[in-house]
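Engineer: What follows is work.txt, compact mmCIF, C-alpha atoms.
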```txt
# COMPACT_ATOMS: atom_id res chain seq x y z
CA MET L 1 60.57 -161.70 72.08
CA LYS L 2 62.37 -163.51 69.26
CA THR L 3 65.10 -166.08 69.93
CA ALA L 4 68.25 -165.65 67.82
CA SER L 5 69.61 -168.65 65.87
CA VAL L 6 73.34 -169.19 65.94
CA VAL L 7 75.01 -170.84 62.92
CA THR L 8 78.65 -171.85 63.07
CA LEU L 9 80.56 -171.88 59.80
CA ARG L 10 83.60 -174.12 59.33
CA SER L 11 86.22 -173.81 56.68
CA ASP L 12 87.70 -177.32 57.25
CA PRO L 13 85.72 -180.50 56.41
CA PRO L 14 84.92 -183.02 59.15
CA ALA L 15 87.34 -185.88 59.68
CA PHE L 16 86.67 -188.89 57.40
CA VAL L 17 85.52 -192.02 59.21
CA GLU L 18 86.43 -195.34 57.52
CA PRO L 19 83.23 -197.39 57.05
CA THR L 20 83.12 -200.74 58.77
CA ALA L 21 83.57 -203.54 56.24
CA LEU L 22 80.77 -206.10 56.45
CA PRO L 23 81.36 -209.64 55.22
CA VAL L 24 79.54 -210.40 52.01
CA PRO L 25 78.18 -213.95 51.94
CA LEU L 26 79.10 -215.87 48.80
CA ALA L 27 76.29 -217.21 46.67
CA ARG L 28 76.02 -220.98 46.93
CA ALA L 29 74.45 -223.37 44.45
CA ARG L 30 71.86 -225.71 45.91
CA GLY L 31 70.09 -228.46 44.02
CA ARG L 32 67.80 -231.34 44.94
CA LEU L 33 66.26 -233.87 42.59
CA ASP L 34 63.95 -236.80 43.36
CA LEU L 35 63.01 -239.00 40.42
CA GLY L 36 61.03 -242.23 40.20
CA PHE L 37 60.06 -244.74 37.52
CA LYS L 38 57.15 -247.21 37.53
CA ARG L 39 55.77 -249.93 35.31
CA ARG L 40 52.62 -249.30 33.28
CA GLY L 41 51.77 -252.41 31.30
CA ALA L 42 54.89 -253.26 29.32
CA GLU L 43 56.26 -249.70 29.52
CA THR L 44 58.45 -247.88 32.02
CA VAL L 45 57.06 -244.42 32.72
CA LEU L 46 57.71 -241.51 35.06
CA ALA L 47 56.26 -242.04 38.54
CA ALA L 48 57.53 -239.02 40.47
CA LEU L 49 59.55 -235.88 39.89
CA PHE L 50 60.67 -233.19 42.31
CA GLN L 51 63.30 -230.67 41.30
CA GLU L 52 64.61 -227.73 43.27
CA GLY L 53 67.33 -225.17 42.73
CA CYS L 54 69.95 -225.97 40.11
CA ALA L 55 69.10 -229.69 39.80
CA LYS L 56 66.87 -230.44 36.80
CA ALA L 57 65.77 -233.44 34.74
CA ARG L 58 64.73 -233.71 31.11
CA PHE L 59 63.10 -236.63 29.32
CA PRO L 60 64.22 -237.06 25.71
CA ARG L 61 62.27 -239.08 23.18
CA ARG L 62 63.10 -242.76 23.45
CA GLU L 63 65.32 -244.08 20.68
CA ALA L 64 65.02 -247.51 19.05
CA GLU L 65 66.07 -250.36 21.37
CA ALA L 66 66.77 -247.90 24.19
CA PHE L 67 65.35 -248.01 27.70
CA ALA L 68 63.15 -245.25 29.05
CA GLY L 69 65.43 -242.50 30.24
CA ALA L 70 66.12 -239.21 31.94
CA VAL L 71 68.90 -236.68 31.49
CA LEU L 72 70.07 -234.76 34.56
CA LEU L 73 71.57 -231.29 34.39
CA ASN L 74 72.98 -228.70 36.74
CA THR L 75 71.82 -225.24 35.67
CA ALA L 76 74.48 -223.63 37.89
CA GLY L 77 77.04 -224.62 35.24
CA GLY L 78 79.31 -226.31 37.78
CA LEU L 79 80.04 -226.50 41.48
CA THR L 80 82.52 -224.86 43.81
CA GLY L 81 83.26 -224.72 47.52
CA GLY L 82 80.13 -224.93 49.67
CA ASP L 83 77.78 -225.94 46.85
CA ARG L 84 75.45 -228.89 47.48
CA LEU L 85 73.77 -231.24 45.02
CA GLN L 86 71.41 -234.01 46.17
CA GLN L 87 70.07 -236.63 43.74
CA ALA L 88 67.73 -239.53 44.41
CA VAL L 89 66.38 -241.97 41.81
CA ARG L 90 64.08 -244.95 42.35
CA TRP L 91 63.45 -247.70 39.79
CA GLY L 92 60.13 -249.39 40.61
CA GLU L 93 59.52 -253.12 40.30
CA GLY L 94 60.02 -254.44 36.78
CA THR L 95 61.17 -251.13 35.29
CA ALA L 96 64.08 -250.53 32.93
CA ALA L 97 65.48 -247.01 32.65
CA THR L 98 68.72 -245.17 31.94
CA VAL L 99 69.66 -241.99 33.80
CA ALA L 100 72.48 -240.02 32.17
CA GLY L 101 74.18 -236.66 32.62
CA GLN L 102 73.58 -233.86 30.13
CA ALA L 103 77.28 -232.87 30.13
CA ALA L 104 80.44 -233.19 32.13
CA GLU L 105 80.09 -231.82 35.66
CA ARG L 106 82.69 -229.16 36.51
CA ILE L 107 84.17 -228.61 39.95
CA TYR L 108 85.84 -225.21 40.14
CA ARG L 109 88.44 -223.76 42.50
CA SER L 110 87.28 -223.58 46.10
CA LEU L 111 87.99 -220.79 48.56
CA GLY L 112 87.50 -223.12 51.51
CA ASP L 113 84.79 -225.75 51.80
CA ALA L 114 84.32 -228.72 49.49
CA ALA L 115 81.50 -229.05 47.00
CA ARG L 116 79.32 -232.02 47.95
CA ILE L 117 77.33 -234.37 45.70
CA GLU L 118 75.06 -236.92 47.38
CA THR L 119 73.42 -239.59 45.24
CA ARG L 120 70.94 -242.19 46.48
CA LEU L 121 69.71 -244.88 44.08
CA ALA L 122 67.10 -247.57 44.86
CA VAL L 123 66.32 -250.45 42.50
CA GLU L 124 63.32 -252.70 43.17
CA PRO L 125 63.06 -256.43 42.27
CA GLY L 126 62.95 -257.22 38.58
CA ALA L 127 64.18 -253.74 37.62
CA THR L 128 67.16 -252.86 35.43
CA ALA L 129 68.84 -249.58 36.35
CA GLU L 130 71.55 -247.74 34.43
CA TRP L 131 73.36 -244.82 36.06
CA LEU L 132 75.49 -243.18 33.35
CA PRO L 133 76.58 -239.66 34.28
CA GLN L 134 79.32 -238.16 32.16
CA GLU L 135 82.74 -237.38 33.60
CA THR L 136 83.38 -234.93 36.43
CA ILE L 137 86.17 -232.45 35.68
CA LEU L 138 88.22 -231.13 38.60
CA PHE L 139 89.98 -227.81 38.13
CA ASP L 140 93.07 -226.70 40.03
CA ARG L 141 92.37 -226.16 43.77
CA ALA L 142 88.96 -227.79 43.50
CA ARG L 143 87.55 -229.65 46.49
CA LEU L 144 84.92 -232.36 46.03
CA ASP L 145 83.19 -234.73 48.44
CA ARG L 146 81.06 -237.23 46.50
CA ASP L 147 78.96 -239.98 48.06
CA LEU L 148 77.07 -242.62 46.05
CA GLN L 149 74.84 -245.15 47.82
CA ILE L 150 72.83 -247.81 45.98
CA GLU L 151 70.18 -250.11 47.43
CA LEU L 152 69.32 -253.20 45.34
CA ARG L 153 66.39 -255.41 46.23
CA GLY L 154 65.81 -259.01 45.19
CA ASP L 155 67.15 -259.73 41.69
CA ALA L 156 67.53 -256.07 40.69
CA ARG L 157 70.18 -255.37 38.05
CA PHE L 158 72.40 -252.29 38.13
CA LEU L 159 74.99 -250.79 35.78
CA GLY L 160 76.81 -247.65 36.92
CA VAL L 161 79.84 -245.56 36.08
CA GLU L 162 81.62 -242.65 37.75
CA ALA L 163 84.54 -240.91 36.03
CA ILE L 164 86.95 -238.20 37.19
CA VAL L 165 89.16 -236.01 34.98
CA PHE L 166 91.90 -233.90 36.59
CA GLY L 167 92.05 -230.77 34.44
CA ARG L 168 91.51 -230.34 30.72
CA ALA L 169 94.58 -231.74 28.98
CA ALA L 170 93.66 -230.10 25.67
CA MET L 171 93.85 -226.70 27.43
CA GLY L 172 97.21 -227.50 29.03
CA GLU L 173 95.70 -227.51 32.52
CA VAL L 174 97.46 -229.32 35.37
CA VAL L 175 95.81 -229.84 38.76
CA ARG L 176 98.58 -229.22 41.28
CA GLN L 177 96.41 -228.77 44.33
CA GLY L 178 93.04 -230.17 45.27
CA THR L 179 91.01 -232.58 47.36
CA LEU L 180 88.78 -235.45 46.29
CA ARG L 181 86.74 -237.79 48.48
CA ASP L 182 84.79 -240.32 46.43
CA ALA L 183 82.83 -243.17 48.08
CA TRP L 184 80.59 -245.98 46.77
CA ARG L 185 78.36 -248.18 48.89
CA ILE L 186 76.11 -250.89 47.40
CA ARG L 187 73.69 -252.97 49.45
CA ARG L 188 71.47 -255.82 48.33
CA ASP L 189 68.47 -256.40 50.58
CA GLY L 190 70.18 -254.34 53.28
CA ARG L 191 73.46 -256.28 53.20
CA LEU L 192 76.62 -254.43 52.18
CA VAL L 193 78.04 -256.12 49.07
CA TYR L 194 80.43 -253.46 47.77
CA ALA L 195 82.35 -250.59 49.35
CA ASP L 196 84.95 -248.42 47.70
CA ALA L 197 86.56 -245.13 48.67
CA LEU L 198 89.10 -242.91 46.99
CA ALA L 199 90.91 -240.03 48.67
CA VAL L 200 93.26 -237.62 46.91
CA ASP L 201 94.71 -234.66 48.78
CA GLY L 202 97.54 -232.25 48.07
CA ASP L 203 99.10 -232.61 44.62
CA PRO L 204 96.94 -234.93 42.45
CA ALA L 205 99.33 -234.73 39.49
CA ALA L 206 102.27 -235.94 41.57
CA ALA L 207 100.19 -238.76 43.06
CA LEU L 208 98.92 -239.91 39.66
CA ASP L 209 102.43 -239.90 38.23
CA ARG L 210 103.41 -242.71 40.61
CA PRO L 211 103.59 -246.08 38.79
CA GLY L 212 101.52 -247.84 41.43
CA LEU L 213 98.66 -245.32 41.27
CA GLY L 214 98.18 -243.83 37.83
CA ARG L 215 101.36 -244.15 35.79
CA GLY L 216 100.87 -240.59 34.55
CA ALA L 217 97.09 -240.80 34.13
CA ARG L 218 94.95 -237.67 34.36
CA ALA L 219 91.56 -239.39 34.11
CA MET L 220 90.08 -242.42 35.87
CA ALA L 221 86.79 -244.26 36.16
CA THR L 222 85.03 -247.12 37.89
CA LEU L 223 82.42 -249.19 36.06
CA LEU L 224 80.25 -251.58 38.05
CA PHE L 225 77.70 -254.17 36.95
CA ALA L 226 75.59 -256.02 39.52
CA ALA L 227 73.49 -258.81 38.02
CA PRO L 228 73.14 -262.61 38.03
CA GLU L 229 75.00 -262.79 34.68
CA ALA L 230 77.87 -260.53 35.78
CA GLN L 231 80.42 -263.34 36.11
CA ALA L 232 79.59 -264.69 32.64
CA LEU L 233 80.54 -261.35 31.05
CA ILE L 234 84.05 -261.12 32.50
CA ASP L 235 85.79 -262.81 29.55
CA PRO L 236 84.05 -260.76 26.82
CA LEU L 237 84.75 -257.59 28.81
CA ARG L 238 88.43 -258.43 29.27
CA ALA L 239 88.70 -259.13 25.56
CA ALA L 240 87.29 -255.68 24.82
CA LEU L 241 89.62 -254.05 27.37
CA ALA L 242 92.63 -255.69 25.74
CA GLY L 243 92.33 -253.02 23.06
CA ALA L 244 92.01 -250.12 25.51
CA GLU L 245 94.09 -247.01 24.77
CA GLY L 246 94.64 -246.41 28.48
CA LEU L 247 95.00 -248.78 31.40
CA ALA L 248 92.02 -251.02 32.21
CA GLY L 249 91.27 -254.16 34.16
CA ALA L 250 88.21 -256.06 35.39
CA SER L 251 87.26 -258.56 38.10
CA ALA L 252 84.07 -260.46 38.93
CA TRP L 253 82.80 -262.11 42.11
CA ASN L 254 79.50 -262.78 43.91
CA GLY L 255 77.29 -261.30 41.21
CA LEU L 256 79.44 -258.19 40.77
CA LEU L 257 81.66 -257.14 37.90
CA VAL L 258 83.98 -254.17 38.45
CA ALA L 259 86.24 -252.54 35.87
CA ARG L 260 88.71 -249.75 36.54
CA PHE L 261 90.19 -247.36 34.02
CA ALA L 262 93.09 -244.90 33.94
CA ALA L 263 93.85 -242.74 30.91
CA PRO L 264 96.04 -239.78 29.93
CA ASP L 265 92.99 -237.57 29.29
CA GLY L 266 89.21 -237.54 29.24
CA ALA L 267 88.92 -238.32 25.52
CA VAL L 268 90.84 -241.58 25.82
CA LEU L 269 88.92 -242.49 28.98
CA ARG L 270 85.59 -241.96 27.22
CA ARG L 271 86.54 -244.17 24.28
CA ASP L 272 87.61 -246.98 26.62
CA LEU L 273 84.41 -246.64 28.66
CA ILE L 274 82.22 -246.73 25.55
CA SER L 275 83.93 -249.95 24.46
CA ALA L 276 83.25 -251.57 27.84
CA LEU L 277 79.67 -250.32 28.01
CA GLY L 278 78.99 -251.85 24.63
CA ILE L 279 79.67 -255.29 26.14
CA LEU L 280 77.68 -254.77 29.33
CA ARG L 281 74.71 -253.17 27.53
CA ALA L 282 74.49 -255.89 24.84
CA GLY L 283 75.26 -253.36 22.11
CA ARG L 284 72.31 -251.08 22.85
CA PRO L 285 72.96 -247.46 21.81
CA LEU L 286 74.26 -245.12 24.48
CA PRO L 287 72.17 -242.07 25.38
CA ARG L 288 72.54 -239.38 22.75
CA VAL L 289 74.16 -236.99 25.25
CA TRP L 290 77.14 -239.39 25.38
CA GLN L 291 77.64 -238.91 21.66
CA CYS L 292 77.83 -235.11 21.71
```
For this file, produce the structure as structure tokens.

Structural biologist:
Amino acid sequence: MKTASVVTLRSDPPAFVEPTALPVPLARARGRLDLGFKRRGAETVLAALFQEGCAKARFPRREAEAFAGAVLLNTAGGLTGGDRLQQAVRWGEGTAATVAGQAAERIYRSLGDAARIETRLAVEPGATAEWLPQETILFDRARLDRDLQIELRGDARFLGVEAIVFGRAAMGEVVRQGTLRDAWRIRRDGRLVYADALAVDGDPAAALDRPGLGRGARAMATLLFAAPEAQALIDPLRAALAGAEGLAGASAWNGLLVARFAAPDGAVLRRDLISALGILRAGRPLPRVWQC
């Protein structure tokens, strides 16, 4: 006996069910770089290199009178909320090397979290270290947390600069909202010898317009030189800064020389920094990436 099949036909379509929206995780840039230099005879050469994610290093041909060097780059093209960049560089005993940035770092608008850059530098006795990244540009509503820690041992010498530009003046950009946390810590043989922290929150343009803070500046930098001869260079440096296009001043104490800069835009800031670096680097040519 056959069993009959029953098929029901409908003229109206079934009710539409709204799909459940699933959160889509945002892509985050992650980068980690570990770099080391060592002495081989009279030369400074690469001792170690680890690179992961968007953090990379390149090693250009050494120019006349220049130290050995490395150029760091971020292949992500910039950072935004939640991105993380970790950098560690070690100068072995007796080495001399310059580490520079391939281009200005860009910090774009954040939807929540801050971008974070952590830098750890270690300089062994007898070594001369130069940390010369190019400026960091903050766009409107950017959020950046940057931490730089330097460990000097024995008679190690260190020259470093960190610069911040709030928007691109040539493009008519104004940063009306954003957050910046920028901290330096320098220790010599484990003892804290320098600590500095900058915090900007809310309306950076309004804060920088205040006479006691920026007097209308849209770019600023700190230049630090730690060496036995630091105090002896204060007068030549101040003489060079007397011709600065922006605002600049310098102080020296206990083997440290610190200069601060404020300028209306990144171009003026760069020119003033190059003038100061020429004094502290005894006229040696800057890395070629600084001249691009």

Engineer: By how many Å are atom CA of Ala42 of chain L and atom CA of Gly154 of chain L apart?

Structural biologist: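 Rounded to one decimal, the two atoms are 20.1 Å apart.
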
Engineer: At a cut-off of 7 Å from (66.3, -235.9, 28.4) in the coordinates of the file, what residues are picked up using only C-alpha atoms, written as a list in words?

Structural biologist: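 Protein and nucleic acid residues near the point are Ala57, Arg58, Phe59, Pro60, Gly69, Ala70 and Val71 of chain L.
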
Engineer: Go ahead and write the selection's residues with C-alpha atoms as a PDB file, in the frame of the given file.

Structural biologist:
```pdb
ATOM      1  CA  ALA L  57      65.770-233.440  34.740  1.00  0.00           C
ATOM      2  CA  ARG L  58      64.730-233.710  31.110  1.00  0.00           C
ATOM      3  CA  PHE L  59      63.100-236.630  29.320  1.00  0.00           C
ATOM      4  CA  PRO L  60      64.220-237.060  25.710  1.00  0.00           C
ATOM      5  CA  GLY L  69      65.430-242.500  30.240  1.00  0.00           C
ATOM      6  CA  ALA L  70      66.120-239.210  31.940  1.00  0.00           C
ATOM      7  CA  VAL L  71      68.900-236.680  31.490  1.00  0.00           C
TER       8      VAL L  71
END
```

Engineer: Go ahead and compute the interatomic distance for atom CA of Gly53 of chain L and atom CA of Ala104 of chain L, in Å to one decimal.

Structural biologist: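 Computing the Euclidean distance for atom CA of Gly53 of chain L and atom CA of Ala104 of chain L yields 18.7 Å.
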
Engineer: Can you pull out the residues contacting Ala239 of chain L? Cut-off 12 Å, using all atoms listed in the file, and skip same-chain residues under 3 positions away; I want them as a ChimeraX atom specification.

Structural biologist: /L:233-236,242-244,248-250,275-276,279

Engineer: Contacts of Lys56 of chain L at 7 Å or less, counting all atoms listed in the file, minus same-chain residues fewer than 2 places along, as a list in words?

Structural biologist: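 So the residues in contact are Leu33, Gln51, Cys54, Arg58, Leu72, Leu73 and Asn74 of chain L.
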
Engineer: State, in Å with one decimal place, the distance from atom CA of Glu124 of chain L to atom CA of Arg61 of chain L.

Structural biologist: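 Interatomic distance, atom CA of Glu124 of chain L to atom CA of Arg61 of chain L: 24.2 Å.
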
Engineer: Excluding same-chain residues fewer than 2 positions from segment 188-190 of chain L, what lies within 12 Å of it counting only C-alpha atoms, as a list of chain:residue names?

Structural biologist: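 Here the answer would be L:Leu121, L:Ala122, L:Val123, L:Glu124, L:Pro125, L:Gln149, L:Ile150, L:Glu151, L:Leu152, L:Arg153, L:Gly154, L:Asp155, L:Ala156, L:Arg157, L:Phe158, L:Arg185, L:Ile186, L:Leu192, L:Val193, L:Tyr194, L:Ala226, L:Ala227, L:Asn254, L:Gly255, L:Leu256.
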